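Below: the structure, in structure tokens.
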Amino acid sequence: MHDVHRLWFAQEGIAQNQNGGFYKRGTAYGIETKLSVAATYLDAQDKANGLRPNLSKVARDCDVGWHFVEKIERELLCEGRVRAPKDIYREQERPIGPGSLSLDPVDIFVIYRLYRKEPTRCLESYVNWLFYYTGTIVSASTVSRLFNHGFPIRGGLCKPNLVPYDKFRPANIAKAKEYVQYLARLDPRRVKYADEKSLKGKSIFNRKPRRDVVTGHVPCVITDPDLRNTYSIIGICGIDKKVTPVRYRITEASVDAELFAIEIEASIASGFLRAGDALVLDNAAIHSGKENRELEDWLWEYHEVFVLFLPARAPEWNPIELLWGLLEAKLPHEDLSLITGSDRVVKAAARILDDVTHDDVRKMYIKCGVFRAHRKK
């Protein structure tokens, strides 16, 4: 066998028996292999006039181990047939399931309570604290299998929801209640959300290659100079079908208070923002500080556009954050062969944003709880 093949088989847990056959460690042969070996065994028994055949010869003919042939012989003598592995496993007089041989219901309850106390704890921490509380000794892999297969919902590792501790300060909670009260009085079709985002050229070139399984090298990916460019997006989204669902501007300049104000004025001039609309912003300094200290009053006095600020630390209430997430998710999968010229990431981003529909934005509103404030579905 070639060394590369041997290395691949070893990584997959595959071994070779003395007769040249392959098997996976820790797993049983399937019913098809058992039936094939049983047929070969019975044919050899007939040729021996009913006497016991040579088990080593049967094993060589079937490319299996001698002990496996002996197991088939025992099933034929005791049961008169071969049994499916799943039936044998099901009828064993022992508990079945992840950690069932070492964990009882109390141990599982303790592990779950440890998780609720600290969701980011490592597997070794579960092992140590389980021994401290119950005296049960298990391996880290047993705890891992329990989380992945022992509960109705798979408990694998995932990206956490990061929540700053100051989110729940009394002043922020009061601001959140005030925001919900204002939002409940507004027609959701007239509520529009605005925000800005940085856009990097490498966002469209971040497909992950696989590491070479033989050499361990990570292959290079050839890109164009747009990789190093950085852009900024100012966007406003809404569900009002009288205008487009998304208005945006992509620029090479960094977004400051002046540029943001210019885009708001352009939105009014184009009719995207109209009298009676409510514009929801977060608490970024460019929205209410510096040159835009009077933006809220100016919009209301001259254009009858009401400005509503989100509570602090509440991006999950801003649907346009989901729009940015959609953009980030789709950019790496854009077909670059259909985009020519420079600034390809800008063209790709524009194509994605142009394809967003009112129904897409409506789903973002639902996920962010906009309609819950109105008691509407």
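In the structure tokens, each chain is lettered A, B, ... as it comes, each chain's residues begin at 1, and ligands are numbered from 1 in order of appearance.
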Would you mind listing, for every residue of segment 82-161 of chain A within 10 Å of segment 35-41 of chain A, the two atoms forming the shortest contact and the distance between them in Å to one decimal, using only C-alpha atoms, sorted by chain and ascending residue number, as CSV?
residue,atom,partner,partner_atom,distance
A:Val82,CA,A:Leu35,CA,6.9
A:Arg83,CA,A:Leu35,CA,9.0
A:Ala84,CA,A:Leu35,CA,9.4
Discussion item. I need the residues in segment 156-233 of chain A that are helix (DSSP H, G or I) according to DSSP; give them as number ranges by chain.
Written reply: A: 165-168, 170-184, 188-190, 201-205, 225-228
Mind checking which residues fall within 12 Å of Lys159 of chain A, counting only C-alpha atoms, ignoring those fewer than 3 positions away in the same chain, and posting them as a PDB file with N, CA, C and O atoms, in the first residue's frame?
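To be explicit, this is the file written out as part_32.pdb:
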ATOM      1  N   PRO A 119     -21.746  28.916  30.248  1.00  0.00           N
ATOM      2  CA  PRO A 119     -21.842  28.244  28.943  1.00  0.00           C
ATOM      3  C   PRO A 119     -20.515  28.103  28.210  1.00  0.00           C
ATOM      4  O   PRO A 119     -20.405  27.279  27.299  1.00  0.00           O
ATOM      5  N   THR A 120     -19.499  28.900  28.568  1.00  0.00           N
ATOM      6  CA  THR A 120     -18.238  28.859  27.830  1.00  0.00           C
ATOM      7  C   THR A 120     -17.185  27.977  28.492  1.00  0.00           C
ATOM      8  O   THR A 120     -16.047  27.960  28.044  1.00  0.00           O
ATOM      9  N   GLY A 156     -23.586  21.775  20.166  1.00  0.00           N
ATOM     10  CA  GLY A 156     -22.230  22.034  19.707  1.00  0.00           C
ATOM     11  C   GLY A 156     -21.809  23.470  19.969  1.00  0.00           C
ATOM     12  O   GLY A 156     -22.610  24.327  20.327  1.00  0.00           O
ATOM     13  N   LEU A 162     -22.768  38.313  22.208  1.00  0.00           N
ATOM     14  CA  LEU A 162     -22.019  39.137  23.158  1.00  0.00           C
ATOM     15  C   LEU A 162     -22.890  40.289  23.646  1.00  0.00           C
ATOM     16  O   LEU A 162     -23.394  41.072  22.843  1.00  0.00           O
TER      17      LEU A 162
END
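Comparing A:Ile233, A:Phe109, A:Ala278, A:Asp297 by their smallest distance to Pro188 of chain A, the closest is A:Ala278 (using only C-alpha atoms).
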Worksheet item: What lies within 12 Å of segment 145-147 of chain A using only C-alpha atoms, ignoring chain neighbours under 3 positions off, as an MDAnalysis selection string?
Response: chainID A and resid 97:105 107:109 111:112 115 119 123 126 138:142 150:157
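Secondary structure from DSSP on the backbone puts strand (DSSP E or B) at the following positions of segment 181-221 of chain A: A:Val191, A:Lys192, A:Tyr193, A:Ala194, A:Asp195, A:Glu196, A:Lys197, A:Ser198, A:Leu199, A:Lys200.
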Write the residues of the preceding selection, restricted to C-alpha atoms, as a CSV table (one decimal), in the first residue's frame.
chain,number,residue,atom,x,y,z
A,191,VAL,CA,-40.7,53.7,10.0
A,192,LYS,CA,-37.2,53.5,8.3
A,193,TYR,CA,-33.9,52.5,9.8
A,194,ALA,CA,-30.6,54.0,8.8
A,195,ASP,CA,-27.0,53.1,9.6
A,196,GLU,CA,-23.5,52.9,8.1
A,197,LYS,CA,-21.0,50.1,7.5
A,198,SER,CA,-17.5,49.7,6.4
A,199,LEU,CA,-16.9,47.5,3.3
A,200,LYS,CA,-13.5,45.9,2.6
Worksheet item: Separation of atom CA of Arg121 of chain A and atom CA of Ala314 of chain A, in Å?
Response: 26.3 Å
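Candidate residues A:Ala28, A:Ile320, A:Arg228, A:Leu114 were compared for distance to Arg247 of chain A, and the nearest is A:Ile320, using only C-alpha atoms.
Of note, atom CA of Arg60 of chain A and atom CA of Glu79 of chain A are spaced 24.4 Å apart.
When only C-alpha atoms are used to compute distances to Phe306 of chain A, the closest of the residues A:Leu336, A:Leu331, A:Ile250, A:Val280 turns out to be A:Val280.
Comparing the minimum interatomic distances between Trp66 of chain A and each of A:Leu295, A:Gly50, A:Ala350, A:Gln18, counting only C-alpha atoms, we find that A:Gln18 sits nearest.
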Discussion item. So that I can check the surroundings of Leu55 of chain A, please list as a ChimeraX atom specification every protein, DNA and RNA residue that reaches within 12 Å of it, counting only C-alpha atoms and ignoring chain neighbours fewer than 6 positions away.
Written reply: /A:37-38,40-42,44-45,61-74
